[in-house]
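Raw contents of my_file08.cif, mmCIF, C-alpha atoms:
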```cif
data_entry
loop_
_atom_site.group_PDB
_atom_site.id
_atom_site.type_symbol
_atom_site.label_atom_id
_atom_site.label_comp_id
_atom_site.auth_asym_id
_atom_site.auth_seq_id
_atom_site.Cartn_x
_atom_site.Cartn_y
_atom_site.Cartn_z
ATOM 1 C CA MET A 1 -8.464 -20.354 -10.920
ATOM 2 C CA LYS A 2 -9.978 -17.513 -8.883
ATOM 3 C CA ARG A 3 -7.407 -14.765 -8.374
ATOM 4 C CA ALA A 4 -6.984 -11.300 -6.921
ATOM 5 C CA LEU A 5 -4.547 -8.562 -7.888
ATOM 6 C CA VAL A 6 -2.746 -6.843 -5.018
ATOM 7 C CA PHE A 7 -0.657 -3.680 -4.995
ATOM 8 C CA PRO A 8 2.354 -2.819 -2.794
ATOM 9 C CA GLY A 9 2.660 -0.023 -0.267
ATOM 10 C CA GLN A 10 5.421 2.291 0.879
ATOM 11 C CA GLY A 11 8.746 0.617 1.579
ATOM 12 C CA SER A 12 8.803 -1.301 -1.733
ATOM 13 C CA GLN A 13 10.378 1.638 -3.601
ATOM 14 C CA ALA A 14 13.973 1.370 -4.846
ATOM 15 C CA VAL A 15 16.122 3.339 -7.282
ATOM 16 C CA GLY A 16 15.758 1.675 -10.694
ATOM 17 C CA MET A 17 12.125 0.692 -10.084
ATOM 18 C CA GLY A 18 10.158 0.248 -13.296
ATOM 19 C CA GLN A 19 13.155 0.802 -15.560
ATOM 20 C CA ALA A 20 13.229 -2.701 -17.067
ATOM 21 C CA LEU A 21 9.524 -2.339 -17.894
ATOM 22 C CA ALA A 22 10.049 1.104 -19.399
ATOM 23 C CA SER A 23 12.949 -0.171 -21.519
ATOM 24 C CA ALA A 24 10.921 -3.121 -22.816
ATOM 25 C CA PHE A 25 7.446 -1.646 -23.345
ATOM 26 C CA ALA A 26 6.156 1.601 -24.848
ATOM 27 C CA GLU A 27 2.993 1.183 -22.719
ATOM 28 C CA ALA A 28 5.047 1.360 -19.527
ATOM 29 C CA ARG A 29 6.842 4.499 -20.750
ATOM 30 C CA GLU A 30 3.455 6.083 -21.514
ATOM 31 C CA VAL A 31 2.238 5.460 -17.943
ATOM 32 C CA LEU A 32 5.383 7.001 -16.447
ATOM 33 C CA GLN A 33 5.001 10.014 -18.755
ATOM 34 C CA GLU A 34 1.335 10.375 -17.736
ATOM 35 C CA VAL A 35 2.371 10.503 -14.078
ATOM 36 C CA ASP A 36 5.166 13.002 -14.789
ATOM 37 C CA ASP A 37 2.745 15.226 -16.718
ATOM 38 C CA ALA A 38 0.076 15.032 -13.999
ATOM 39 C CA LEU A 39 2.556 16.054 -11.304
ATOM 40 C CA GLY A 40 4.594 18.549 -13.330
ATOM 41 C CA GLN A 41 7.636 16.678 -12.013
ATOM 42 C CA ASN A 42 10.242 14.397 -13.596
ATOM 43 C CA LEU A 43 9.427 11.539 -11.237
ATOM 44 C CA THR A 44 10.644 9.005 -13.831
ATOM 45 C CA LYS A 45 14.178 10.443 -13.601
ATOM 46 C CA LEU A 46 14.078 10.257 -9.785
ATOM 47 C CA MET A 47 12.879 6.648 -9.991
ATOM 48 C CA SER A 48 15.656 5.657 -12.392
ATOM 49 C CA GLU A 49 18.574 7.667 -10.974
ATOM 50 C CA GLY A 50 17.711 8.575 -7.380
ATOM 51 C CA PRO A 51 18.947 9.847 -5.014
ATOM 52 C CA ALA A 52 17.335 7.166 -2.823
ATOM 53 C CA ASP A 53 16.680 9.654 0.008
ATOM 54 C CA ASP A 54 14.541 11.791 -2.307
ATOM 55 C CA LEU A 55 12.706 8.769 -3.705
ATOM 56 C CA LYS A 56 11.759 7.505 -0.253
ATOM 57 C CA LEU A 57 10.151 10.837 0.693
ATOM 58 C CA THR A 58 6.482 9.999 1.183
ATOM 59 C CA GLU A 59 5.290 12.488 -1.436
ATOM 60 C CA ASN A 60 7.549 10.866 -4.086
ATOM 61 C CA ALA A 61 7.409 7.210 -3.039
ATOM 62 C CA GLN A 62 3.613 7.047 -3.133
ATOM 63 C CA PRO A 63 3.021 8.188 -6.751
ATOM 64 C CA ALA A 64 6.172 6.341 -7.881
ATOM 65 C CA LEU A 65 4.926 3.007 -6.549
ATOM 66 C CA MET A 66 1.533 3.566 -8.159
ATOM 67 C CA ALA A 67 3.227 4.411 -11.475
ATOM 68 C CA VAL A 68 5.100 1.097 -11.564
ATOM 69 C CA SER A 69 1.963 -0.838 -10.576
ATOM 70 C CA MET A 70 -0.039 0.817 -13.343
ATOM 71 C CA ALA A 71 2.781 0.252 -15.841
ATOM 72 C CA VAL A 72 2.461 -3.485 -15.091
ATOM 73 C CA ILE A 73 -1.326 -3.346 -15.556
ATOM 74 C CA ARG A 74 -1.082 -1.386 -18.818
ATOM 75 C CA VAL A 75 1.476 -3.854 -20.230
ATOM 76 C CA LEU A 76 -0.744 -6.807 -19.247
ATOM 77 C CA GLU A 77 -3.679 -5.149 -21.018
ATOM 78 C CA LYS A 78 -1.876 -4.127 -24.197
ATOM 79 C CA GLN A 79 0.533 -7.044 -24.610
ATOM 80 C CA GLY A 80 -1.610 -9.863 -23.264
ATOM 81 C CA GLY A 81 -5.200 -8.782 -23.853
ATOM 82 C CA PHE A 82 -5.632 -8.873 -20.075
ATOM 83 C CA ARG A 83 -9.058 -7.703 -18.889
ATOM 84 C CA LEU A 84 -9.426 -7.229 -15.163
ATOM 85 C CA PRO A 85 -13.100 -8.249 -14.817
ATOM 86 C CA GLU A 86 -12.348 -11.570 -16.541
ATOM 87 C CA ALA A 87 -8.971 -12.180 -14.909
ATOM 88 C CA ALA A 88 -9.571 -11.291 -11.236
ATOM 89 C CA SER A 89 -12.359 -11.409 -8.646
ATOM 90 C CA PHE A 90 -10.925 -8.697 -6.370
ATOM 91 C CA VAL A 91 -8.257 -6.019 -6.123
ATOM 92 C CA ALA A 92 -6.600 -4.865 -2.907
ATOM 93 C CA GLY A 93 -3.596 -2.764 -1.942
ATOM 94 C CA HIS A 94 -1.522 -2.130 1.148
ATOM 95 C CA SER A 95 -2.086 1.455 2.329
ATOM 96 C CA LEU A 96 -1.228 3.655 -0.690
ATOM 97 C CA GLY A 97 -1.557 0.450 -2.749
ATOM 98 C CA GLU A 98 -5.318 0.734 -2.275
ATOM 99 C CA TYR A 99 -5.189 3.764 -4.588
ATOM 100 C CA SER A 100 -3.228 1.722 -7.154
ATOM 101 C CA ALA A 101 -5.857 -1.031 -6.851
ATOM 102 C CA LEU A 102 -8.667 1.462 -7.436
ATOM 103 C CA CYS A 103 -6.823 2.971 -10.402
ATOM 104 C CA ALA A 104 -6.362 -0.499 -11.916
ATOM 105 C CA ALA A 105 -10.092 -1.133 -11.403
ATOM 106 C CA GLY A 106 -11.025 2.109 -13.182
ATOM 107 C CA THR A 107 -12.259 4.113 -10.173
ATOM 108 C CA PHE A 108 -9.606 6.811 -10.678
ATOM 109 C CA SER A 109 -7.673 7.906 -13.757
ATOM 110 C CA ILE A 110 -3.885 7.560 -13.611
ATOM 111 C CA ALA A 111 -3.461 11.360 -13.554
ATOM 112 C CA ASP A 112 -5.952 11.797 -10.702
ATOM 113 C CA THR A 113 -4.379 8.933 -8.737
ATOM 114 C CA ALA A 114 -0.921 10.496 -9.098
ATOM 115 C CA ARG A 115 -2.172 13.878 -7.879
ATOM 116 C CA LEU A 116 -4.112 12.317 -4.989
ATOM 117 C CA LEU A 117 -1.070 10.350 -3.839
ATOM 118 C CA LYS A 118 1.215 13.382 -4.095
ATOM 119 C CA LYS A 119 -1.234 15.315 -1.917
ATOM 120 C CA ARG A 120 -1.655 12.323 0.433
ATOM 121 C CA GLY A 121 2.110 12.055 0.873
ATOM 122 C CA GLN A 122 2.512 15.774 1.524
ATOM 123 C CA ALA A 123 -0.444 15.829 3.941
ATOM 124 C CA MET A 124 0.830 12.813 5.887
ATOM 125 C CA GLN A 125 4.296 14.331 6.150
ATOM 126 C CA LYS A 126 2.938 17.697 7.251
ATOM 127 C CA ALA A 127 0.547 16.237 9.859
ATOM 128 C CA VAL A 128 3.297 15.428 12.370
ATOM 129 C CA PRO A 129 6.676 17.225 12.623
ATOM 130 C CA VAL A 130 9.691 14.977 11.938
ATOM 131 C CA GLY A 131 10.915 13.295 15.112
ATOM 132 C CA ILE A 132 7.609 13.528 16.999
ATOM 133 C CA GLY A 133 6.244 10.206 15.747
ATOM 134 C CA ALA A 134 7.600 6.745 15.019
ATOM 135 C CA MET A 135 6.633 3.279 13.820
ATOM 136 C CA ALA A 136 7.993 -0.140 14.775
ATOM 137 C CA ALA A 137 7.369 -3.735 13.745
ATOM 138 C CA LEU A 138 6.790 -6.063 16.673
ATOM 139 C CA ILE A 139 8.092 -9.454 15.541
ATOM 140 C CA GLY A 140 6.474 -12.619 16.848
ATOM 141 C CA VAL A 141 3.521 -10.644 18.194
ATOM 142 C CA ASP A 142 -0.051 -11.244 17.016
ATOM 143 C CA LEU A 143 -2.686 -8.510 16.826
ATOM 144 C CA PRO A 144 -4.473 -8.868 20.205
ATOM 145 C CA VAL A 145 -1.147 -8.855 22.087
ATOM 146 C CA ALA A 146 0.148 -5.920 20.010
ATOM 147 C CA GLN A 147 -3.015 -3.972 20.874
ATOM 148 C CA GLU A 148 -2.491 -4.712 24.596
ATOM 149 C CA ILE A 149 1.166 -3.612 24.415
ATOM 150 C CA ALA A 150 0.240 -0.410 22.525
ATOM 151 C CA ALA A 151 -2.465 0.443 25.085
ATOM 152 C CA ALA A 152 -0.040 -0.118 27.981
ATOM 153 C CA ALA A 153 2.625 2.014 26.278
ATOM 154 C CA ALA A 154 0.392 4.976 25.408
ATOM 155 C CA GLN A 155 0.356 6.620 28.863
ATOM 156 C CA GLY A 156 -1.608 9.611 27.603
ATOM 157 C CA GLU A 157 0.119 9.671 24.206
ATOM 158 C CA VAL A 158 -0.858 7.912 20.968
ATOM 159 C CA CYS A 159 0.263 4.325 20.369
ATOM 160 C CA ALA A 160 -1.792 2.000 18.181
ATOM 161 C CA ALA A 161 -1.572 -1.082 15.978
ATOM 162 C CA ALA A 162 -1.151 0.391 12.491
ATOM 163 C CA ASN A 163 -0.607 -2.623 10.216
ATOM 164 C CA ASP A 164 -1.653 -6.203 10.895
ATOM 165 C CA ASN A 165 0.597 -7.588 8.156
ATOM 166 C CA ALA A 166 0.869 -11.312 8.895
ATOM 167 C CA PRO A 167 0.881 -13.692 11.851
ATOM 168 C CA GLY A 168 3.711 -12.525 14.094
ATOM 169 C CA GLN A 169 4.200 -9.181 12.343
ATOM 170 C CA VAL A 170 2.241 -6.206 13.603
ATOM 171 C CA VAL A 171 3.404 -2.609 13.095
ATOM 172 C CA ILE A 172 2.641 -0.028 15.792
ATOM 173 C CA SER A 173 2.517 3.719 15.273
ATOM 174 C CA GLY A 174 2.282 6.849 17.418
ATOM 175 C CA HIS A 175 4.343 9.263 19.484
ATOM 176 C CA ALA A 176 8.036 8.314 19.403
ATOM 177 C CA ALA A 177 8.327 7.957 23.184
ATOM 178 C CA ALA A 178 5.231 5.737 23.317
ATOM 179 C CA VAL A 179 6.572 3.516 20.540
ATOM 180 C CA ASP A 180 9.849 3.182 22.462
ATOM 181 C CA ARG A 181 7.861 2.200 25.569
ATOM 182 C CA ALA A 182 5.979 -0.399 23.530
ATOM 183 C CA ILE A 183 9.262 -1.935 22.339
ATOM 184 C CA ALA A 184 10.431 -2.138 25.963
ATOM 185 C CA ILE A 185 7.146 -3.726 27.111
ATOM 186 C CA ALA A 186 7.294 -6.238 24.245
ATOM 187 C CA ALA A 187 10.826 -7.203 25.328
ATOM 188 C CA GLU A 188 9.678 -7.621 28.936
ATOM 189 C CA ARG A 189 6.971 -9.981 27.680
ATOM 190 C CA GLY A 190 9.564 -12.093 25.870
ATOM 191 C CA PHE A 191 9.292 -10.568 22.389
ATOM 192 C CA LYS A 192 12.933 -9.606 21.997
ATOM 193 C CA ARG A 193 12.869 -8.509 18.366
ATOM 194 C CA SER A 194 11.245 -5.225 17.427
ATOM 195 C CA VAL A 195 12.357 -3.121 14.485
ATOM 196 C CA LYS A 196 11.987 0.677 14.331
ATOM 197 C CA LEU A 197 10.911 1.520 10.779
ATOM 198 C CA PRO A 198 12.771 4.132 8.710
ATOM 199 C CA VAL A 199 9.677 6.281 8.138
ATOM 200 C CA SER A 200 9.307 10.026 8.375
ATOM 201 C CA ALA A 201 5.879 10.052 10.059
ATOM 202 C CA PRO A 202 3.621 7.825 12.204
ATOM 203 C CA PHE A 203 1.169 6.516 9.608
ATOM 204 C CA HIS A 204 -2.192 4.847 10.310
ATOM 205 C CA CYS A 205 -2.854 6.281 13.754
ATOM 206 C CA SER A 206 -4.904 9.190 15.124
ATOM 207 C CA LEU A 207 -1.939 11.598 14.774
ATOM 208 C CA MET A 208 -2.722 11.538 11.024
ATOM 209 C CA GLN A 209 -6.123 13.228 11.486
ATOM 210 C CA PRO A 210 -4.991 16.509 9.819
ATOM 211 C CA ALA A 211 -4.006 14.468 6.732
ATOM 212 C CA ALA A 212 -7.371 12.668 6.783
ATOM 213 C CA ASP A 213 -9.132 16.055 6.813
ATOM 214 C CA GLU A 214 -7.108 17.203 3.798
ATOM 215 C CA MET A 215 -7.750 14.007 1.877
ATOM 216 C CA GLN A 216 -11.487 14.254 2.570
ATOM 217 C CA LYS A 217 -11.487 17.543 0.657
ATOM 218 C CA ALA A 218 -9.254 16.188 -2.123
ATOM 219 C CA LEU A 219 -11.337 13.038 -2.622
ATOM 220 C CA ALA A 220 -14.586 15.036 -2.636
ATOM 221 C CA ALA A 221 -13.283 16.986 -5.637
ATOM 222 C CA VAL A 222 -12.201 13.986 -7.767
ATOM 223 C CA ALA A 223 -14.326 12.079 -10.287
ATOM 224 C CA MET A 224 -14.790 8.431 -9.272
ATOM 225 C CA LYS A 225 -16.378 5.471 -11.062
ATOM 226 C CA PRO A 226 -17.458 2.151 -9.518
ATOM 227 C CA PRO A 227 -14.534 -0.326 -9.705
ATOM 228 C CA VAL A 228 -14.909 -3.018 -12.384
ATOM 229 C CA VAL A 229 -14.175 -5.591 -9.658
ATOM 230 C CA PRO A 230 -14.677 -5.071 -5.904
ATOM 231 C CA VAL A 231 -11.818 -3.652 -3.831
ATOM 232 C CA VAL A 232 -11.053 -5.230 -0.458
ATOM 233 C CA ALA A 233 -10.689 -2.186 1.799
ATOM 234 C CA ASN A 234 -7.835 -1.860 4.293
ATOM 235 C CA VAL A 235 -10.013 -0.638 7.152
ATOM 236 C CA THR A 236 -12.804 -3.226 6.897
ATOM 237 C CA ALA A 237 -11.007 -6.220 5.296
ATOM 238 C CA GLU A 238 -14.149 -6.676 3.187
ATOM 239 C CA ALA A 239 -15.094 -6.031 -0.434
ATOM 240 C CA VAL A 240 -16.677 -2.755 -1.475
ATOM 241 C CA SER A 241 -17.864 -1.407 -4.838
ATOM 242 C CA ASP A 242 -19.969 1.615 -3.922
ATOM 243 C CA VAL A 243 -18.206 4.879 -4.785
ATOM 244 C CA GLU A 244 -19.356 6.847 -1.735
ATOM 245 C CA SER A 245 -18.319 4.015 0.592
ATOM 246 C CA ILE A 246 -14.902 3.845 -1.092
ATOM 247 C CA ARG A 247 -14.445 7.602 -0.662
ATOM 248 C CA THR A 248 -15.293 7.364 3.056
ATOM 249 C CA LEU A 249 -13.049 4.341 3.610
ATOM 250 C CA LEU A 250 -10.078 6.046 1.924
ATOM 251 C CA VAL A 251 -10.382 8.910 4.405
ATOM 252 C CA GLN A 252 -10.688 6.513 7.348
ATOM 253 C CA GLN A 253 -7.691 4.543 6.058
ATOM 254 C CA ILE A 254 -5.278 7.389 6.893
ATOM 255 C CA THR A 255 -5.896 7.125 10.636
ATOM 256 C CA GLY A 256 -7.132 3.515 10.596
ATOM 257 C CA SER A 257 -5.302 0.227 10.781
ATOM 258 C CA VAL A 258 -4.292 -1.668 7.624
ATOM 259 C CA ARG A 259 -5.968 -5.047 8.158
ATOM 260 C CA TRP A 260 -3.865 -6.871 5.588
ATOM 261 C CA ARG A 261 -3.801 -10.334 7.191
ATOM 262 C CA GLU A 262 -7.585 -10.288 7.483
ATOM 263 C CA SER A 263 -7.934 -8.962 3.912
ATOM 264 C CA VAL A 264 -5.972 -11.902 2.521
ATOM 265 C CA LEU A 265 -7.988 -14.384 4.611
ATOM 266 C CA TYR A 266 -11.226 -12.707 3.456
ATOM 267 C CA MET A 267 -10.225 -13.212 -0.187
ATOM 268 C CA LYS A 268 -9.347 -16.850 0.517
ATOM 269 C CA ALA A 269 -12.733 -17.381 2.164
ATOM 270 C CA GLU A 270 -14.305 -15.947 -1.020
ATOM 271 C CA GLY A 271 -12.551 -18.631 -3.076
ATOM 272 C CA VAL A 272 -9.396 -16.805 -4.183
ATOM 273 C CA GLU A 273 -6.569 -19.283 -4.828
ATOM 274 C CA GLN A 274 -3.936 -16.956 -6.278
ATOM 275 C CA LEU A 275 -2.717 -13.461 -5.332
ATOM 276 C CA VAL A 276 -0.780 -11.589 -8.015
ATOM 277 C CA GLU A 277 1.291 -8.657 -6.745
ATOM 278 C CA CYS A 278 1.616 -5.965 -9.423
ATOM 279 C CA GLY A 279 4.454 -3.478 -9.057
ATOM 280 C CA ALA A 280 7.723 -2.900 -7.252
ATOM 281 C CA GLY A 281 9.116 -5.521 -4.882
ATOM 282 C CA SER A 282 7.552 -8.734 -3.608
ATOM 283 C CA VAL A 283 6.582 -7.806 -0.032
ATOM 284 C CA LEU A 284 2.922 -8.803 -0.394
ATOM 285 C CA ALA A 285 3.744 -12.125 -2.057
ATOM 286 C CA GLY A 286 6.044 -12.841 0.900
ATOM 287 C CA LEU A 287 3.367 -11.876 3.443
ATOM 288 C CA THR A 288 0.832 -14.111 1.673
ATOM 289 C CA LYS A 289 3.042 -17.146 2.232
ATOM 290 C CA ARG A 290 3.166 -16.297 5.944
ATOM 291 C CA ILE A 291 -0.601 -15.730 6.165
ATOM 292 C CA ASP A 292 -1.732 -18.888 4.361
ATOM 293 C CA ARG A 293 0.495 -21.235 2.379
ATOM 294 C CA GLU A 294 -2.490 -22.647 0.489
ATOM 295 C CA ILE A 295 -2.762 -19.377 -1.468
ATOM 296 C CA ALA A 296 -0.419 -19.211 -4.456
ATOM 297 C CA ALA A 297 1.417 -15.879 -4.557
ATOM 298 C CA LEU A 298 3.560 -14.334 -7.263
ATOM 299 C CA SER A 299 4.889 -10.878 -8.064
ATOM 300 C CA LEU A 300 4.958 -9.128 -11.436
ATOM 301 C CA GLN A 301 7.602 -6.454 -11.741
ATOM 302 C CA THR A 302 9.870 -7.391 -14.685
ATOM 303 C CA PRO A 303 9.171 -8.112 -18.363
ATOM 304 C CA GLU A 304 10.092 -11.752 -17.663
ATOM 305 C CA ASP A 305 7.551 -11.985 -14.809
ATOM 306 C CA ILE A 306 4.833 -10.629 -17.090
ATOM 307 C CA GLU A 307 5.745 -12.985 -19.952
ATOM 308 C CA VAL A 308 5.550 -16.046 -17.693
ATOM 309 C CA PHE A 309 2.256 -14.884 -16.172
ATOM 310 C CA LEU A 310 0.602 -14.215 -19.541
ATOM 311 C CA LYS A 311 1.655 -17.664 -20.807
ATOM 312 C CA SER A 312 0.057 -19.261 -17.747
#
```

Spell out the structure here as structure tokens.
Amino acid sequence: MKRALVFPGQGSQAVGMGQALASAFAEAREVLQEVDDALGQNLTKLMSEGPADDLKLTENAQPALMAVSMAVIRVLEKQGGFRLPEAASFVAGHSLGEYSALCAAGTFSIADTARLLKKRGQAMQKAVPVGIGAMAALIGVDLPVAQEIAAAAAQGEVCAAANDNAPGQVVISGHAAAVDRAIAIAAERGFKRSVKLPVSAPFHCSLMQPAADEMQKALAAVAMKPPVVPVVANVTAEAVSDVESIRTLLVQQITGSVRWRESVLYMKAEGVEQLVECGAGSVLAGLTKRIDREIAALSLQTPEDIEVFLKS
């Protein structure tokens, strides 16, 4: 069976994340310790005990989610003899999950990935003062209509489609007033359900350009190796293996749209029959079922999940 490994993005964090893995496997504890050491921060304690408000801060949530994803990968490798080039044809991740995917594929070390994501979180938070920007999910709206609504709502401000997650679920991002106008326009067009997202900044739109500039510098200074399997990039929804292209795409990803629906369909067109979500939550497995029910989707986040997967 041709499979791809996928890695969750922000919003999948929760207090207690990764604790069952850490209790069961020394390899998982080692990954969490590596991340703590790289950051000079007891992130493991925050992940296990909270408070939730501190964990959901972008600069903490991003490395924490990567840590759990890499704990899953390390356990698969050490306990099950799992080798990525033999087990998967592609890796992909949703927003920050693209860094987890690249770490799993050997492009970045765990320590470098943790530091990059800490910096990415801080840069994204700093780019736009709290309250200036917003994000909202337009439910029942497909991408072309969401783009029309965002353009109509902008009125000289920024409003753009940020995440094309699944049919009928597109997230918009931009100035708070413009996002509110977009919700009103969507309602006028018969799309009554829109959900403002509990985020601290308007990700994946042009307001994030200062963060993109910072990450360009950070990525230029980090050692990168070609991934052992191609990564399907958020901004192109196509596979890439060239290091310089990956570096460029990671910078573009901060202001660009996450083309997740298209990424999943690209992998299916390349013969992928199973998507395996590695890390906290099961958001991507759920989205896969909405994108194409012919693709088998499962999530690995507990010791039991891993045991069942390795047996299969």

(request) Write out as a PyMOL selection string the residues lying within 9 Å of Val141 in chain A, counting all atoms listed in the file and excluding same-chain residues fewer than 5 positions away. (result) chain A and resi 146+167-170+186+191

(message) Residues within 8 Å of Arg115 in chain A, please, as a ChimeraX atom specification. Count only C-alpha atoms; anything in the same chain fewer than 3 positions from it doesn't count.
(response) /A:38-39,63,111-112,118-119

How big is the axis-aligned box around all listed atoms of range 31-39 of chain A once 8 Å goes on each side, and where's its centre, in Å to one decimal, as JSON?
```
{"center_x": 2.7, "center_y": 10.8, "center_z": -15.0, "size_x": 21.3, "size_y": 26.6, "size_z": 23.5}
```

(request) Mind giving me the straight-line distance from CA of Arg83 in chain A to CA of Thr113 in chain A in Å, one decimal? (result)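 Going from CA of Arg83 in chain A over to CA of Thr113 in chain A covers 20.0 Å.
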
(message) Give me the residues near range 280-284 of chain A as a list of chain:residue names, where near means some atom within 6 Å (using only C-alpha atoms) and where sequence neighbours in that chain fewer than 2 positions away do not count.
(response)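 Counting only the stated atoms, we get A:Ser12, A:Gly286, A:Leu287, A:Ser299, A:Gln301.
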
(request) Kindly give the distance, in Å, that separates CA of Leu32 in chain A and CA of Val75 in chain A, rounded to a single decimal. (result)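 It comes out at 12.1 Å.
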
Produce a table with one row for each residue of range 125-219 of chain A that has an atom at most 10 Å from any atom of range 86-101 of chain A, each row naming the nearest atom pair and its distance in Å at one decimal; use all atoms listed in the file; arrange rows by chain and rising residue number; format as a Markdown table.
```
| residue | atom | partner | partner_atom | distance |
| --- | --- | --- | --- | --- |
| A:Asn163 | CA | A:Ser95 | CA | 9.0 |
| A:Asn165 | CA | A:His94 | CA | 9.1 |
| A:Phe203 | CA | A:Ser95 | CA | 9.4 |
| A:His204 | CA | A:Ser95 | CA | 8.7 |
```

(request) I would like the residues chosen by the PyMOL selection byres ((chain A and resi 232) around 7) on the shown file; could you give them as a ChimeraX atom specification? (result) /A:90-92,230-231,233-234,237-240,263

Residues just named, written with C-alpha atoms as a PDB file, in the frame of the given file:
```pdb
ATOM      1  CA  PHE A  90     -10.925  -8.697  -6.370  1.00  0.00           C
ATOM      2  CA  VAL A  91      -8.257  -6.019  -6.123  1.00  0.00           C
ATOM      3  CA  ALA A  92      -6.600  -4.865  -2.907  1.00  0.00           C
ATOM      4  CA  PRO A 230     -14.677  -5.071  -5.904  1.00  0.00           C
ATOM      5  CA  VAL A 231     -11.818  -3.652  -3.831  1.00  0.00           C
ATOM      6  CA  ALA A 233     -10.689  -2.186   1.799  1.00  0.00           C
ATOM      7  CA  ASN A 234      -7.835  -1.860   4.293  1.00  0.00           C
ATOM      8  CA  ALA A 237     -11.007  -6.220   5.296  1.00  0.00           C
ATOM      9  CA  GLU A 238     -14.149  -6.676   3.187  1.00  0.00           C
ATOM     10  CA  ALA A 239     -15.094  -6.031  -0.434  1.00  0.00           C
ATOM     11  CA  VAL A 240     -16.677  -2.755  -1.475  1.00  0.00           C
ATOM     12  CA  SER A 263      -7.934  -8.962   3.912  1.00  0.00           C
TER      13      SER A 263
END
```

Reference answer for the PyMOL selection byres ((chain A and resi 48) around 8), as a PDB file with C-alpha atoms, in the frame of the given file:
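Wrote selection-v2.pdb, looks like this:
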```
ATOM      1  CA  VAL A  15      16.122   3.339  -7.282  1.00  0.00           C
ATOM      2  CA  GLY A  16      15.758   1.675 -10.694  1.00  0.00           C
ATOM      3  CA  MET A  17      12.125   0.692 -10.084  1.00  0.00           C
ATOM      4  CA  GLY A  18      10.158   0.248 -13.296  1.00  0.00           C
ATOM      5  CA  GLN A  19      13.155   0.802 -15.560  1.00  0.00           C
ATOM      6  CA  THR A  44      10.644   9.005 -13.831  1.00  0.00           C
ATOM      7  CA  LYS A  45      14.178  10.443 -13.601  1.00  0.00           C
ATOM      8  CA  LEU A  46      14.078  10.257  -9.785  1.00  0.00           C
ATOM      9  CA  MET A  47      12.879   6.648  -9.991  1.00  0.00           C
ATOM     10  CA  GLU A  49      18.574   7.667 -10.974  1.00  0.00           C
ATOM     11  CA  GLY A  50      17.711   8.575  -7.380  1.00  0.00           C
TER      12      GLY A  50
END
```

(message) Let me make sure I understand: among A:Val6, A:Thr236, A:Leu197, A:Leu116, which one has the smallest atom-to-atom distance to Tyr266 in chain A if we use only C-alpha atoms?
(response)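 Among A:Val6, A:Thr236, A:Leu197, A:Leu116, it is A:Thr236 that comes nearest to Tyr266 in chain A.
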
(message) Ranking A:Ala52, A:Ile291, A:Ile306, A:Met224 by minimum distance to Asp142 in chain A and counting only C-alpha atoms, which one comes first?
(response)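 Going through A:Ala52, A:Ile291, A:Ile306, A:Met224 one by one, the smallest distance to Asp142 in chain A is for A:Ile291.
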
Please enumerate the residues selected by the PyMOL selection byres ((chain A and resi 227) around 8) when evaluated against the supplied file, formatted as a compact mmCIF listing (two decimals) with C-alpha atoms, in the coordinates of the input.
```txt
# COMPACT_ATOMS: atom_id res chain seq x y z
CA LEU A 102 -8.67 1.46 -7.44
CA ALA A 105 -10.09 -1.13 -11.40
CA GLY A 106 -11.02 2.11 -13.18
CA THR A 107 -12.26 4.11 -10.17
CA LYS A 225 -16.38 5.47 -11.06
CA PRO A 226 -17.46 2.15 -9.52
CA VAL A 228 -14.91 -3.02 -12.38
CA VAL A 229 -14.18 -5.59 -9.66
CA PRO A 230 -14.68 -5.07 -5.90
CA VAL A 231 -11.82 -3.65 -3.83
CA SER A 241 -17.86 -1.41 -4.84
```

(message) For Val171 in chain A, find every residue with an atom within 12 Å (counting all atoms listed in the file), except residues of its own chain fewer than 3 positions away, and show them as a ChimeraX atom specification.
(response) /A:134-143,145-147,149-150,159-168,174,179,182-183,194-197,199,202-205,257-260

(message) Would you pick out the contacts of Lys78 in chain A at 12 Å or less, using all atoms listed in the file, so that residues sharing its chain but fewer than 2 positions from it are not included, and give the list as a PyMOL selection string?
(response) chain A and resi 25-28+30+71-76+80-83+306+310

(request) Can you work out which one of A:Arg29, A:Lys192, A:Arg247, A:Lys56 has the shortest atom-to-atom distance to Val68 in chain A, counting only C-alpha atoms? (result) A:Arg29

(message) Please compute the CA of Ala184 in chain A-CA of Glu148 in chain A distance, one decimal, in Å.
(response) 13.2 Å
